[in-house]
$ cat my_file-v8.cif   # mmCIF, C-alpha atoms
data_model
#
loop_
_atom_site.group_PDB
_atom_site.id
_atom_site.type_symbol
_atom_site.label_atom_id
_atom_site.label_comp_id
_atom_site.auth_asym_id
_atom_site.auth_seq_id
_atom_site.Cartn_x
_atom_site.Cartn_y
_atom_site.Cartn_z
ATOM 1 C CA MET A 1 0.357 13.578 -52.449
ATOM 2 C CA ALA A 2 0.751 12.990 -56.175
ATOM 3 C CA ASP A 3 -1.161 10.096 -57.654
ATOM 4 C CA PRO A 4 1.327 7.740 -59.313
ATOM 5 C CA GLN A 5 -1.386 6.578 -61.678
ATOM 6 C CA VAL A 6 -1.439 9.968 -63.417
ATOM 7 C CA LYS A 7 2.014 11.348 -62.625
ATOM 8 C CA GLN A 8 3.937 12.067 -65.812
ATOM 9 C CA ILE A 9 7.692 11.684 -65.566
ATOM 10 C CA GLY A 10 9.806 10.675 -68.552
ATOM 11 C CA LYS A 11 8.620 10.185 -72.071
ATOM 12 C CA TYR A 12 6.307 7.237 -71.516
ATOM 13 C CA LYS A 13 3.390 7.232 -69.130
ATOM 14 C CA VAL A 14 1.883 3.893 -68.163
ATOM 15 C CA GLU A 15 -1.596 3.159 -66.882
ATOM 16 C CA VAL A 16 -3.192 -0.080 -65.735
ATOM 17 C CA ILE A 17 -6.746 -1.001 -66.685
ATOM 18 C CA ARG A 18 -7.755 -2.771 -63.506
ATOM 19 C CA GLU A 19 -10.665 -4.611 -65.086
ATOM 20 C CA LYS A 20 -8.347 -6.270 -67.589
ATOM 21 C CA CYS A 21 -5.642 -7.311 -65.141
ATOM 22 C CA ILE A 22 -5.560 -11.052 -64.386
ATOM 23 C CA SER A 23 -2.646 -10.951 -61.937
ATOM 24 C CA ALA A 24 -0.155 -12.615 -64.255
ATOM 25 C CA ALA A 25 2.377 -10.171 -62.772
ATOM 26 C CA SER A 26 4.584 -10.083 -65.868
ATOM 27 C CA CYS A 27 4.709 -6.271 -65.658
ATOM 28 C CA VAL A 28 5.941 -6.515 -62.073
ATOM 29 C CA VAL A 29 8.652 -8.992 -63.016
ATOM 30 C CA ILE A 30 9.926 -6.841 -65.876
ATOM 31 C CA ALA A 31 9.521 -3.368 -64.372
ATOM 32 C CA PRO A 32 9.418 -3.722 -60.575
ATOM 33 C CA GLY A 33 10.250 -0.061 -60.139
ATOM 34 C CA VAL A 34 7.051 0.928 -61.903
ATOM 35 C CA PHE A 35 4.504 -1.789 -61.104
ATOM 36 C CA ASP A 36 3.486 -3.879 -58.170
ATOM 37 C CA LEU A 37 0.389 -5.824 -57.161
ATOM 38 C CA ASP A 38 -2.108 -4.364 -54.746
ATOM 39 C CA ALA A 39 -3.875 -6.244 -51.959
ATOM 40 C CA GLU A 40 -6.278 -7.728 -54.526
ATOM 41 C CA GLN A 41 -3.329 -8.928 -56.620
ATOM 42 C CA ILE A 42 -4.144 -6.395 -59.323
ATOM 43 C CA ALA A 43 -1.287 -4.509 -60.977
ATOM 44 C CA ARG A 44 -0.852 -0.866 -60.112
ATOM 45 C CA VAL A 45 1.608 1.869 -60.971
ATOM 46 C CA ILE A 46 3.820 2.831 -58.052
ATOM 47 C CA SER A 47 6.109 5.177 -59.958
ATOM 48 C CA GLN A 48 6.386 6.447 -63.500
ATOM 49 C CA ASP A 49 10.162 6.726 -63.318
ATOM 50 C CA GLY A 50 11.149 3.514 -61.550
ATOM 51 C CA ASN A 51 12.406 1.961 -64.798
ATOM 52 C CA ASP A 52 13.422 3.351 -68.175
ATOM 53 C CA ASP A 53 10.990 3.794 -71.051
ATOM 54 C CA GLU A 54 12.163 0.716 -72.906
ATOM 55 C CA THR A 55 11.569 -1.448 -69.847
ATOM 56 C CA LYS A 56 8.164 0.109 -69.239
ATOM 57 C CA LEU A 57 7.147 -0.628 -72.812
ATOM 58 C CA LEU A 58 8.391 -4.203 -72.568
ATOM 59 C CA ALA A 59 6.468 -4.667 -69.336
ATOM 60 C CA ALA A 60 3.307 -3.448 -71.040
ATOM 61 C CA GLN A 61 3.909 -5.674 -74.060
ATOM 62 C CA SER A 62 4.339 -8.719 -71.838
ATOM 63 C CA CYS A 63 0.834 -8.427 -70.416
ATOM 64 C CA PRO A 64 -1.305 -11.272 -71.810
ATOM 65 C CA THR A 65 -4.487 -9.209 -71.614
ATOM 66 C CA MET A 66 -2.998 -5.897 -72.748
ATOM 67 C CA ALA A 67 -4.049 -4.270 -69.512
ATOM 68 C CA VAL A 68 -1.228 -1.726 -69.559
ATOM 69 C CA ILE A 69 -1.511 1.380 -71.719
ATOM 70 C CA VAL A 70 1.622 3.276 -72.702
ATOM 71 C CA THR A 71 1.360 6.865 -73.867
ATOM 72 C CA ASP A 72 4.144 9.005 -75.298
ATOM 73 C CA THR A 73 3.792 12.212 -73.326
ATOM 74 C CA GLU A 74 5.713 14.214 -75.907
ATOM 75 C CA SER A 75 3.516 13.323 -78.852
ATOM 76 C CA GLY A 76 0.404 12.500 -76.868
ATOM 77 C CA LYS A 77 0.032 9.282 -78.854
ATOM 78 C CA GLN A 78 -0.714 5.869 -77.420
ATOM 79 C CA VAL A 79 2.306 3.649 -77.975
ATOM 80 C CA TRP A 80 0.779 0.442 -76.627
ATOM 81 C CA PRO A 81 -1.466 -1.440 -77.273
ATOM 82 C CA LEU A 82 -1.214 -0.740 -80.992
ATOM 83 C CA MET B 1 11.672 -17.777 -61.051
ATOM 84 C CA ASN B 2 14.021 -16.699 -63.783
ATOM 85 C CA PRO B 3 13.605 -13.170 -65.096
ATOM 86 C CA PRO B 4 12.223 -12.897 -68.627
ATOM 87 C CA LYS B 5 14.536 -12.252 -71.544
ATOM 88 C CA GLN B 6 14.054 -11.458 -75.184
ATOM 89 C CA TYR B 7 14.739 -14.467 -77.384
ATOM 90 C CA ARG B 8 14.928 -15.355 -81.026
ATOM 91 C CA ALA B 9 13.826 -18.839 -81.979
ATOM 92 C CA LYS B 10 13.210 -20.665 -85.228
ATOM 93 C CA LEU B 11 10.357 -22.905 -86.218
ATOM 94 C CA GLU B 12 11.669 -26.448 -86.117
ATOM 95 C CA ASP B 13 8.518 -28.464 -86.639
ATOM 96 C CA LYS B 14 4.767 -28.392 -86.297
ATOM 97 C CA GLN B 15 2.179 -31.080 -85.889
ATOM 98 C CA GLN B 16 -1.473 -30.780 -86.798
ATOM 99 C CA LEU B 17 -3.115 -32.463 -83.794
ATOM 100 C CA ASN B 18 -6.602 -32.269 -85.276
ATOM 101 C CA GLU B 19 -8.504 -29.810 -87.433
ATOM 102 C CA ARG B 20 -8.380 -27.186 -84.714
ATOM 103 C CA PHE B 21 -5.153 -27.560 -82.715
ATOM 104 C CA VAL B 22 -1.534 -27.361 -83.857
ATOM 105 C CA GLN B 23 1.593 -28.026 -81.809
ATOM 106 C CA TYR B 24 4.598 -25.890 -82.753
ATOM 107 C CA TYR B 25 8.221 -26.773 -81.955
ATOM 108 C CA PHE B 26 10.740 -23.954 -81.712
ATOM 109 C CA GLU B 27 14.507 -24.160 -81.341
ATOM 110 C CA LEU B 28 16.184 -21.260 -79.583
ATOM 111 C CA VAL B 29 18.650 -19.178 -81.583
ATOM 112 C CA GLU B 30 19.774 -16.458 -79.196
ATOM 113 C CA PRO B 31 20.023 -16.810 -76.228
ATOM 114 C CA ASN B 32 20.134 -20.578 -76.634
ATOM 115 C CA GLU B 33 18.808 -21.598 -73.239
ATOM 116 C CA LEU B 34 15.371 -20.956 -71.764
ATOM 117 C CA VAL B 35 14.972 -21.913 -68.120
ATOM 118 C CA PHE B 36 11.319 -21.806 -67.132
ATOM 119 C CA SER B 37 8.885 -23.286 -64.661
ATOM 120 C CA ALA B 38 6.076 -25.464 -65.947
ATOM 121 C CA GLY B 39 2.968 -23.338 -66.385
ATOM 122 C CA GLN B 40 4.742 -20.217 -67.562
ATOM 123 C CA TYR B 41 4.073 -18.569 -70.897
ATOM 124 C CA ALA B 42 5.841 -16.763 -73.713
ATOM 125 C CA SER B 43 4.858 -13.490 -75.343
ATOM 126 C CA LEU B 44 5.418 -13.664 -79.107
ATOM 127 C CA LYS B 45 5.741 -10.748 -81.477
ATOM 128 C CA VAL B 46 3.187 -11.680 -84.109
ATOM 129 C CA SER B 47 3.260 -8.771 -86.545
ATOM 130 C CA GLU B 48 5.651 -6.239 -87.980
ATOM 131 C CA LYS B 49 3.627 -3.579 -86.176
ATOM 132 C CA GLY B 50 4.737 -5.189 -82.930
ATOM 133 C CA GLU B 51 1.486 -6.845 -81.888
ATOM 134 C CA ARG B 52 2.045 -9.618 -79.368
ATOM 135 C CA ARG B 53 0.189 -12.698 -78.205
ATOM 136 C CA SER B 54 0.813 -14.860 -75.174
ATOM 137 C CA TYR B 55 0.897 -18.662 -75.239
ATOM 138 C CA SER B 56 1.563 -21.168 -72.494
ATOM 139 C CA ILE B 57 4.621 -23.313 -73.009
ATOM 140 C CA CYS B 58 3.452 -26.927 -73.269
ATOM 141 C CA SER B 59 6.823 -28.678 -73.262
ATOM 142 C CA SER B 60 8.883 -30.026 -70.398
ATOM 143 C CA PRO B 61 11.166 -27.609 -68.544
ATOM 144 C CA ALA B 62 13.783 -30.347 -68.812
ATOM 145 C CA VAL B 63 14.264 -29.269 -72.417
ATOM 146 C CA SER B 64 15.929 -25.859 -72.267
ATOM 147 C CA HIS B 65 17.163 -25.469 -75.854
ATOM 148 C CA GLY B 66 13.684 -25.099 -77.265
ATOM 149 C CA PHE B 67 10.025 -25.014 -76.398
ATOM 150 C CA GLU B 68 6.637 -26.104 -77.695
ATOM 151 C CA LEU B 69 3.380 -24.209 -78.002
ATOM 152 C CA LEU B 70 -0.173 -25.393 -78.477
ATOM 153 C CA ILE B 71 -2.199 -23.140 -80.738
ATOM 154 C CA ASP B 72 -5.959 -23.164 -81.127
ATOM 155 C CA HIS B 73 -6.718 -22.074 -84.683
ATOM 156 C CA GLN B 74 -10.341 -21.229 -83.965
ATOM 157 C CA PRO B 75 -10.956 -18.371 -84.104
ATOM 158 C CA ALA B 76 -8.147 -17.486 -86.484
ATOM 159 C CA GLY B 77 -6.736 -14.357 -84.885
ATOM 160 C CA VAL B 78 -3.572 -12.436 -85.638
ATOM 161 C CA GLY B 79 -1.429 -14.761 -83.524
ATOM 162 C CA CYS B 80 -2.422 -18.066 -85.026
ATOM 163 C CA THR B 81 -2.457 -16.603 -88.542
ATOM 164 C CA TYR B 82 1.119 -15.441 -88.015
ATOM 165 C CA LEU B 83 2.188 -18.852 -86.765
ATOM 166 C CA GLU B 84 0.308 -20.671 -89.504
ATOM 167 C CA ASN B 85 2.231 -18.711 -92.130
ATOM 168 C CA LEU B 86 5.648 -19.300 -90.562
ATOM 169 C CA GLN B 87 8.076 -21.254 -92.712
ATOM 170 C CA PHE B 88 10.322 -23.926 -91.224
ATOM 171 C CA GLY B 89 13.535 -22.260 -90.063
ATOM 172 C CA GLN B 90 11.936 -18.826 -89.948
ATOM 173 C CA GLU B 91 12.757 -16.863 -86.808
ATOM 174 C CA ILE B 92 10.377 -15.373 -84.293
ATOM 175 C CA GLU B 93 10.916 -12.938 -81.434
ATOM 176 C CA LEU B 94 9.593 -13.695 -77.991
ATOM 177 C CA LEU B 95 9.763 -12.657 -74.381
ATOM 178 C CA ALA B 96 9.918 -15.473 -71.827
ATOM 179 C CA PRO B 97 9.471 -16.918 -69.303
ATOM 180 C CA LEU B 98 6.426 -15.064 -67.982
ATOM 181 C CA GLY B 99 3.630 -15.775 -65.557
ATOM 182 C CA ILE B 100 3.146 -17.154 -62.085
ATOM 183 C CA PHE B 101 0.739 -20.014 -62.801
ATOM 184 C CA THR B 102 3.000 -22.759 -61.507
ATOM 185 C CA ILE B 103 2.699 -25.569 -58.975
ATOM 186 C CA VAL B 104 3.169 -23.925 -55.597
ATOM 187 C CA ALA B 105 5.622 -25.226 -53.055
ATOM 188 C CA ASP B 106 3.024 -26.082 -50.447
ATOM 189 C CA GLU B 107 3.387 -29.358 -48.621
ATOM 190 C CA ALA B 108 -0.149 -28.954 -47.349
ATOM 191 C CA GLU B 109 -1.289 -29.691 -50.891
ATOM 192 C CA THR B 110 -1.130 -33.437 -50.550
ATOM 193 C CA SER B 111 -2.615 -34.073 -53.969
ATOM 194 C CA LEU B 112 -3.121 -32.062 -57.139
ATOM 195 C CA ALA B 113 -6.168 -31.674 -59.368
ATOM 196 C CA LEU B 114 -5.399 -30.116 -62.741
ATOM 197 C CA VAL B 115 -8.586 -28.947 -64.423
ATOM 198 C CA ALA B 116 -8.609 -27.752 -68.034
ATOM 199 C CA THR B 117 -10.985 -27.004 -70.840
ATOM 200 C CA GLY B 118 -9.910 -26.709 -74.472
ATOM 201 C CA SER B 119 -6.435 -25.306 -75.047
ATOM 202 C CA GLY B 120 -6.176 -24.688 -71.320
ATOM 203 C CA ILE B 121 -4.548 -28.122 -71.337
ATOM 204 C CA ALA B 122 -1.270 -26.585 -72.598
ATOM 205 C CA PRO B 123 0.357 -25.570 -69.293
ATOM 206 C CA PHE B 124 -0.771 -28.843 -67.690
ATOM 207 C CA ARG B 125 1.155 -30.950 -70.199
ATOM 208 C CA SER B 126 4.263 -29.058 -69.140
ATOM 209 C CA MET B 127 3.377 -29.411 -65.460
ATOM 210 C CA LEU B 128 2.743 -33.145 -65.780
ATOM 211 C CA LEU B 129 6.033 -33.753 -67.561
ATOM 212 C CA GLU B 130 7.800 -31.697 -64.899
ATOM 213 C CA ARG B 131 6.019 -33.264 -61.916
ATOM 214 C CA LEU B 132 6.174 -36.877 -63.043
ATOM 215 C CA GLN B 133 9.388 -37.128 -65.027
ATOM 216 C CA VAL B 134 11.611 -34.360 -63.638
ATOM 217 C CA VAL B 135 10.624 -33.713 -60.015
ATOM 218 C CA LYS B 136 9.407 -37.290 -59.441
ATOM 219 C CA ASP B 137 6.466 -35.907 -57.493
ATOM 220 C CA THR B 138 4.733 -38.866 -55.849
ATOM 221 C CA ARG B 139 1.607 -37.037 -54.751
ATOM 222 C CA PRO B 140 -1.638 -38.152 -56.406
ATOM 223 C CA ILE B 141 -2.139 -35.997 -59.503
ATOM 224 C CA THR B 142 -5.400 -36.045 -61.440
ATOM 225 C CA LEU B 143 -5.982 -34.347 -64.772
ATOM 226 C CA TYR B 144 -9.567 -33.408 -65.696
ATOM 227 C CA TRP B 145 -9.872 -32.189 -69.276
ATOM 228 C CA GLY B 146 -13.116 -30.972 -70.743
ATOM 229 C CA MET B 147 -13.706 -31.042 -74.491
ATOM 230 C CA ARG B 148 -16.797 -31.399 -76.688
ATOM 231 C CA HIS B 149 -16.308 -34.516 -78.799
ATOM 232 C CA ALA B 150 -13.908 -37.466 -78.659
ATOM 233 C CA ASN B 151 -12.429 -36.447 -82.005
ATOM 234 C CA THR B 152 -11.375 -33.071 -80.582
ATOM 235 C CA LEU B 153 -9.096 -34.707 -78.012
ATOM 236 C CA PHE B 154 -5.350 -34.925 -78.581
ATOM 237 C CA TRP B 155 -2.380 -35.939 -76.402
ATOM 238 C CA GLU B 156 -4.713 -38.520 -74.829
ATOM 239 C CA ASP B 157 -2.334 -41.358 -75.763
ATOM 240 C CA GLU B 158 0.530 -39.521 -74.077
ATOM 241 C CA PHE B 159 -1.542 -38.894 -70.948
ATOM 242 C CA GLU B 160 -2.649 -42.522 -70.837
ATOM 243 C CA GLU B 161 0.956 -43.669 -71.185
ATOM 244 C CA LEU B 162 1.916 -41.380 -68.304
ATOM 245 C CA ALA B 163 -0.917 -42.856 -66.252
ATOM 246 C CA GLN B 164 0.430 -46.351 -66.938
ATOM 247 C CA SER B 165 4.004 -45.363 -66.081
ATOM 248 C CA PHE B 166 3.168 -43.332 -62.995
ATOM 249 C CA PRO B 167 0.570 -44.931 -60.689
ATOM 250 C CA ASN B 168 0.038 -41.617 -58.879
ATOM 251 C CA PHE B 169 -1.314 -40.011 -62.063
ATOM 252 C CA SER B 170 -4.919 -40.329 -63.273
ATOM 253 C CA PHE B 171 -6.433 -38.895 -66.440
ATOM 254 C CA HIS B 172 -10.119 -38.062 -66.817
ATOM 255 C CA PRO B 173 -11.191 -36.716 -70.204
ATOM 256 C CA VAL B 174 -14.700 -35.266 -69.998
ATOM 257 C CA LEU B 175 -16.878 -34.735 -73.066
ATOM 258 C CA SER B 176 -19.777 -32.299 -73.075
ATOM 259 C CA GLN B 177 -21.225 -33.710 -76.308
ATOM 260 C CA ALA B 178 -20.108 -37.301 -76.056
ATOM 261 C CA GLU B 179 -21.148 -39.905 -78.579
ATOM 262 C CA GLN B 180 -23.279 -42.808 -77.334
ATOM 263 C CA ALA B 181 -20.308 -45.154 -77.000
ATOM 264 C CA TRP B 182 -18.184 -42.830 -74.865
ATOM 265 C CA PRO B 183 -17.431 -44.840 -71.720
ATOM 266 C CA LEU B 184 -16.020 -42.091 -69.506
ATOM 267 C CA CYS B 185 -17.269 -38.886 -67.907
ATOM 268 C CA ARG B 186 -19.856 -36.768 -69.714
ATOM 269 C CA GLY B 187 -20.948 -33.211 -69.209
ATOM 270 C CA ARG B 188 -18.826 -30.489 -67.659
ATOM 271 C CA VAL B 189 -15.604 -30.919 -65.759
ATOM 272 C CA THR B 190 -17.529 -29.904 -62.646
ATOM 273 C CA ASP B 191 -19.731 -33.002 -63.167
ATOM 274 C CA CYS B 192 -16.622 -35.155 -63.298
ATOM 275 C CA LEU B 193 -15.181 -33.498 -60.206
ATOM 276 C CA ASN B 194 -18.422 -34.245 -58.393
ATOM 277 C CA THR B 195 -18.414 -37.850 -59.604
ATOM 278 C CA HIS B 196 -14.948 -38.592 -58.306
ATOM 279 C CA GLU B 197 -14.421 -38.224 -54.600
ATOM 280 C CA GLN B 198 -12.031 -35.393 -53.783
ATOM 281 C CA ALA B 199 -9.480 -36.102 -51.085
ATOM 282 C CA ALA B 200 -8.669 -33.572 -48.403
ATOM 283 C CA GLY B 201 -5.662 -31.411 -49.102
ATOM 284 C CA VAL B 202 -6.174 -31.129 -52.853
ATOM 285 C CA GLY B 203 -4.567 -28.176 -54.591
ATOM 286 C CA TYR B 204 -6.713 -27.180 -57.579
ATOM 287 C CA TYR B 205 -5.091 -25.745 -60.691
ATOM 288 C CA LEU B 206 -7.532 -24.391 -63.247
ATOM 289 C CA CYS B 207 -6.931 -23.266 -66.812
ATOM 290 C CA GLY B 208 -9.572 -22.664 -69.422
ATOM 291 C CA SER B 209 -12.656 -20.571 -69.942
ATOM 292 C CA THR B 210 -13.639 -17.978 -67.369
ATOM 293 C CA LYS B 211 -16.921 -19.820 -66.889
ATOM 294 C CA MET B 212 -15.144 -23.070 -66.110
ATOM 295 C CA ILE B 213 -12.852 -21.363 -63.621
ATOM 296 C CA THR B 214 -15.819 -19.705 -61.934
ATOM 297 C CA ASP B 215 -17.895 -22.908 -61.867
ATOM 298 C CA VAL B 216 -15.111 -25.128 -60.580
ATOM 299 C CA SER B 217 -14.050 -22.570 -57.990
ATOM 300 C CA GLN B 218 -17.624 -22.322 -56.692
ATOM 301 C CA THR B 219 -17.977 -26.101 -56.671
ATOM 302 C CA VAL B 220 -14.864 -26.774 -54.642
ATOM 303 C CA LEU B 221 -15.339 -23.757 -52.372
ATOM 304 C CA ALA B 222 -18.772 -25.164 -51.518
ATOM 305 C CA LYS B 223 -17.022 -28.362 -50.475
ATOM 306 C CA GLY B 224 -14.886 -26.466 -48.011
ATOM 307 C CA VAL B 225 -11.752 -25.968 -50.089
ATOM 308 C CA THR B 226 -10.057 -22.703 -49.186
ATOM 309 C CA GLU B 227 -9.287 -20.042 -51.793
ATOM 310 C CA GLN B 228 -5.578 -20.479 -51.129
ATOM 311 C CA ARG B 229 -5.822 -23.957 -52.628
ATOM 312 C CA ILE B 230 -7.331 -22.735 -55.899
ATOM 313 C CA HIS B 231 -4.883 -21.478 -58.511
ATOM 314 C CA HIS B 232 -5.840 -20.385 -61.980
ATOM 315 C CA GLU B 233 -4.657 -18.957 -65.258
ATOM 316 C CA LYS B 234 -7.280 -16.739 -66.812
ATOM 317 C CA PHE B 235 -6.003 -15.557 -70.143
ATOM 318 C CA TYR B 236 -7.539 -18.289 -72.287
#

$ encode --input "my_file-v8.cif" --output "structure tokens"
Amino acid sequence: MADPQVKQIGKYKVEVIREKCISAASCVVIAPGVFDLDAEQIARVISQDGNDDETKLLAAQSCPTMAVIVTDTESGKQVWPL
Amino acid sequence: MNPPKQYRAKLEDKQQLNERFVQYYFELVEPNELVFSAGQYASLKVSEKGERRSYSICSSPAVSHGFELLIDHQPAGVGCTYLENLQFGQEIELLAPLGIFTIVADEAETSLALVATGSGIAPFRSMLLERLQVVKDTRPITLYWGMRHANTLFWEDEFEELAQSFPNFSFHPVLSQAEQAWPLCRGRVTDCLNTHEQAAGVGYYLCGSTKMITDVSQTVLAKGVTEQRIHHEKFY
């Protein structure tokens, strides 16, 4: 079964740095098709294509600890955090 | 809770609370209404590059046409430098409301202990205004606020006025480096919590340094409080 943490669908790929997550859940509120909280209330990626790229980026930008990394899979460059 | 939206707001006013803390007042431009729960935060775009910083809203949810933020200017990072340079009337971009650090709807929490250090007081001002003035919450609510010196305190007059107006509210400022004449609690907020008897059924809400959250959590857990009754915001 494919690992949603590394699956690459769409232009932007998101990853969660578990150690930085403080369970604010802003990513889940903004992009519920991409993120949810695991049993430890830490954000995780459940799908790379559950929301559009703009929403994924906004979800990452909303994180108070910048625990979500966004990479442009076409250019290979990190889009967020700057 | 209401889903977050992107807003534009303009700087309406700011008040230097002391040499370290500044309170900013923003009026919404578009959309012109922000419905939030006390304890939630806003994510502000603080540079042309798109860098963002998150700040707890410190105003009452009863005011939906604007919001207030408390900013700690030490250390002077990109966020506070951006805000410091804002001109009156200048617009900012933000995403709000965000966060889940709010008073839970749990009737088993028969009283509330709000424990803050430093700028961690910001969400509690909003919560107090909401609980006391809007919701008319009659449960005992106690605010413990740890700072270093008496001259670093602010909002203490407002909290004392609330305590006079609402008999169910108590305010305990705690100073770690108190001057000789300081008549109230000294040391850490954990010392103050230990000094004052804690009733059964207290819901603890913690906001401040990671060390404070860890220390207070351990203190109250040792007294038999369950983890479900301890709520905290950790991004300070």

$ resolve_selection --input "my_file-v8.cif" --expression "the PyMOL selection byres ((chain B and resi 98-105) around 10)" --output "PyMOL selection string"
(chain A and resi 23-27+29-30+62-64) or (chain B and resi 1-5+36-43+54-57+95-97+106-109+112+123-124+126-127+130-131+203-207+229+231-234)

$ residues_around --input "my_file-v8.cif" --residues "Phe35 (chain A)" --least-positions-apart "4" --cutoff "9 Å" --atoms "only C-alpha atoms" --output "CSV table (one decimal) with C-alpha atoms, in the coordinates of the input"
chain,number,residue,atom,x,y,z
A,25,ALA,CA,2.4,-10.2,-62.8
A,27,CYS,CA,4.7,-6.3,-65.7
A,28,VAL,CA,5.9,-6.5,-62.1
A,29,VAL,CA,8.7,-9.0,-63.0
A,30,ILE,CA,9.9,-6.8,-65.9
A,31,ALA,CA,9.5,-3.4,-64.4
A,43,ALA,CA,-1.3,-4.5,-61.0
A,44,ARG,CA,-0.9,-0.9,-60.1
A,45,VAL,CA,1.6,1.9,-61.0
A,46,ILE,CA,3.8,2.8,-58.1
A,47,SER,CA,6.1,5.2,-60.0
A,48,GLN,CA,6.4,6.4,-63.5
A,50,GLY,CA,11.1,3.5,-61.6
A,59,ALA,CA,6.5,-4.7,-69.3

$ closest_residue --input "my_file-v8.cif" --among "B:Lys14, B:Gly79, B:Lys45, B:Glu27" --to "chain A" --atoms "all atoms listed in the file"
B:Lys45

$ closest_residue --input "my_file-v8.cif" --among "B:Leu184, B:Thr210, B:Ala113, B:Val134" --to "chain A" --atoms "all atoms listed in the file"
B:Thr210

$ residues_near_point --input "my_file-v8.cif" --point "(-9.3, -31.0, -60.3)" --cutoff "12 Å" --atoms "all atoms listed in the file" --output "PyMOL selection string"
chain B and resi 111-117+124+140-146+170-174+189-199+201-207+212-213+215-217+219-220+225+229-232

$ resolve_selection --input "my_file-v8.cif" --expression "the PyMOL selection byres ((chain A and resi 41) around 9)" --output "PyMOL selection string"
chain A and resi 21-23+25+36-40+42-43

$ closest_residue --input "my_file-v8.cif" --among "A:Leu82, A:Ala67, A:Leu57, A:Val14" --to "chain B" --atoms "only C-alpha atoms"
A:Leu82

$ atom_distance --input "my_file-v8.cif" --atom1 "CA of Leu34 (chain B)" --atom2 "CA of Tyr12 (chain A)"
29.6 Å

$ resolve_selection --input "my_file-v8.cif" --expression "the PyMOL selection byres ((chain B and resi 12) around 7)" --output "ChimeraX atom specification"
/B:10-11,13,25-27,88-89

$ atom_distance --input "my_file-v8.cif" --atom1 "CA of Gln164 (chain B)" --atom2 "CA of Cys58 (chain B)"
20.7 Å

$ build_atoms --input "my_file-v8.cif" --residues "region 90-103 of chain B" --atoms "N, CA and C atoms" --output "mmCIF file, in the frame of the given file"
data_model
loop_
_atom_site.group_PDB
_atom_site.id
_atom_site.type_symbol
_atom_site.label_atom_id
_atom_site.label_comp_id
_atom_site.auth_asym_id
_atom_site.auth_seq_id
_atom_site.Cartn_x
_atom_site.Cartn_y
_atom_site.Cartn_z
ATOM 1 N N GLN B 90 12.180 -20.266 -90.103
ATOM 2 C CA GLN B 90 11.936 -18.826 -89.948
ATOM 3 C C GLN B 90 11.998 -18.452 -88.473
ATOM 4 N N GLU B 91 12.568 -17.282 -88.195
ATOM 5 C CA GLU B 91 12.757 -16.863 -86.808
ATOM 6 C C GLU B 91 11.580 -16.047 -86.290
ATOM 7 N N ILE B 92 11.357 -16.194 -84.991
ATOM 8 C CA ILE B 92 10.377 -15.373 -84.293
ATOM 9 C C ILE B 92 11.073 -14.661 -83.131
ATOM 10 N N GLU B 93 10.425 -13.634 -82.627
ATOM 11 C CA GLU B 93 10.916 -12.938 -81.434
ATOM 12 C C GLU B 93 9.934 -13.182 -80.299
ATOM 13 N N LEU B 94 10.472 -13.445 -79.131
ATOM 14 C CA LEU B 94 9.593 -13.695 -77.991
ATOM 15 C C LEU B 94 10.218 -13.182 -76.702
ATOM 16 N N LEU B 95 9.363 -13.029 -75.735
ATOM 17 C CA LEU B 95 9.763 -12.657 -74.381
ATOM 18 C C LEU B 95 9.313 -13.783 -73.461
ATOM 19 N N ALA B 96 10.257 -14.325 -72.691
ATOM 20 C CA ALA B 96 9.918 -15.473 -71.827
ATOM 21 C C ALA B 96 11.017 -15.652 -70.772
ATOM 22 N N PRO B 97 10.764 -16.363 -69.682
ATOM 23 C CA PRO B 97 9.471 -16.918 -69.303
ATOM 24 C C PRO B 97 8.645 -15.877 -68.537
ATOM 25 N N LEU B 98 7.331 -16.001 -68.653
ATOM 26 C CA LEU B 98 6.426 -15.064 -67.982
ATOM 27 C C LEU B 98 5.353 -15.847 -67.226
ATOM 28 N N GLY B 99 4.766 -15.179 -66.252
ATOM 29 C CA GLY B 99 3.630 -15.775 -65.557
ATOM 30 C C GLY B 99 3.974 -16.457 -64.249
ATOM 31 N N ILE B 100 2.968 -16.584 -63.420
ATOM 32 C CA ILE B 100 3.146 -17.154 -62.085
ATOM 33 C C ILE B 100 2.218 -18.341 -61.847
ATOM 34 N N PHE B 101 1.634 -18.856 -62.941
ATOM 35 C CA PHE B 101 0.739 -20.014 -62.801
ATOM 36 C C PHE B 101 1.594 -21.288 -62.800
ATOM 37 N N THR B 102 2.133 -21.593 -61.649
ATOM 38 C CA THR B 102 3.000 -22.759 -61.507
ATOM 39 C C THR B 102 2.557 -23.541 -60.266
ATOM 40 N N ILE B 103 3.025 -24.771 -60.161
ATOM 41 C CA ILE B 103 2.699 -25.569 -58.975
ATOM 42 C C ILE B 103 3.385 -24.928 -57.768
#
